[in-house]
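Trainee: Sending over a structure as structure tokens; questions will come in a sec.
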Amino acid sequence: MTIKSVLERSSGNTQLDAMSADIGLLIVRVVFGGLLAAHGAQKLFGWWGGPGWRANADGFEQMGYNPGKIFGTLAGLTELGGGLLLLLGLLTPLAAAAVLGTMINAINVTWSGGLLTGKGYEMGVLFAAAAVGLAFTGPGKISLDAGRPWERQGFVWGVGAVILGVVTGILTLILKWVL
């Protein structure tokens with residue numbers, strides 16, 4: 001069987017077409033969630049050349065997040081936990097909200113670096129957009145949320161995730177400035 005014959009057979013096949021969206025969501029979730037979880041593991045455990053918990057806490061202190069141990073741990077746990085939940089497609093709107101709140105703070109910290117400079121906030125914007133997109137679309141059928149009583153997706157859940165993420169992100173920034 002050649003690639004051409006497979007493509008000709010699948011052309012117009014609604015079952016395969018419907019599956020392609022779920023496969024696309026799976027790829028986005030695994031890559032994005034995996035990368036985000038890796039960033040969290042760098043912060044918490046020093047894996048893959050990351051700073052580890054102590055240096056991460058010190059870095060958060062230098063960025064004005066005092067106490068750095070609390071804020072640095074929270075950022076690492078949010079990235080690790082939110083990334084793993086998105087990777088698995090589990091509690092997707094909540095995971096997306098957690099990631100969005102964290103990325104609002106990442107964008108704030110890197111804002112002075114500008115956009116597209118290599119030291120700016122483009123990665124924070126990209127991660128925030130991916131999280132919001134998944135909050136609205138849901139994780140797809142190839143996920144731990146699929147078909148479960150707790151599965152949530154769509155406009156209302158996407159808006160709820162955005163509101164929760166923005167509120168938690170802003171509250172964290174307020175705490176940064178107050179403490």
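Every chain in the structure tokens has a letter given in the order shown (A, B, ...), and although residue numbers restart at 1 in each chain, ligands are simply numbered from 1 in the order shown.
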Quick one: everything within 10 Å of stretch 119-132 of chain A, counting only C-alpha atoms, minus sequence neighbours fewer than 4 positions away in the same chain. Send it as an NGL selection string.
Mentor: :A and (28-29 or 32-33 or 35-36 or 82-83 or 86 or 92-93 or 95-115 or 136-138 or 158-159 or 161-162 or 165)
Trainee: What lies within 12 Å of A:Leu175 using only C-alpha atoms, ignoring chain neighbours under 4 positions off, as number ranges by chain?
Mentor: A: 64-68, 70-71, 105, 168-171, 179
Trainee: Please measure the separation of atom CA of A:Leu164 and atom CA of A:Leu26, giving the value in Å to one decimal.
Mentor: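 Going from atom CA of A:Leu164 over to atom CA of A:Leu26 covers 24.0 Å.
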Trainee: Counting only C-alpha atoms, which of A:Leu94, A:Val166, A:Met63, A:Leu88 gets nearest to A:Leu25?
Mentor: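 Looking only at the distances to A:Leu25, the closest residue turns out to be A:Leu88.
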Trainee: I'd like to know which of A:Leu91, A:Ala57, A:Ile163, A:Leu16 is closest to A:Gly76, using only C-alpha atoms.
Mentor: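 Answer, going by the shortest atom-to-atom distance: A:Ala57.
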Trainee: Have a look at A:Leu77, A:Leu90, A:Val30, A:Ala37 and name the one nearest to A:Gly147; count only C-alpha atoms.
Mentor: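 Nearest to A:Gly147: A:Leu90.
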Trainee: Can you check which residues of stretch 15-170 of chain A DSSP gives as alpha helix (DSSP H) on the backbone and send them as an MDAnalysis selection string?
Mentor: chainID A and resid 15:45 52:62 68:88 92:110 122:137 155:170
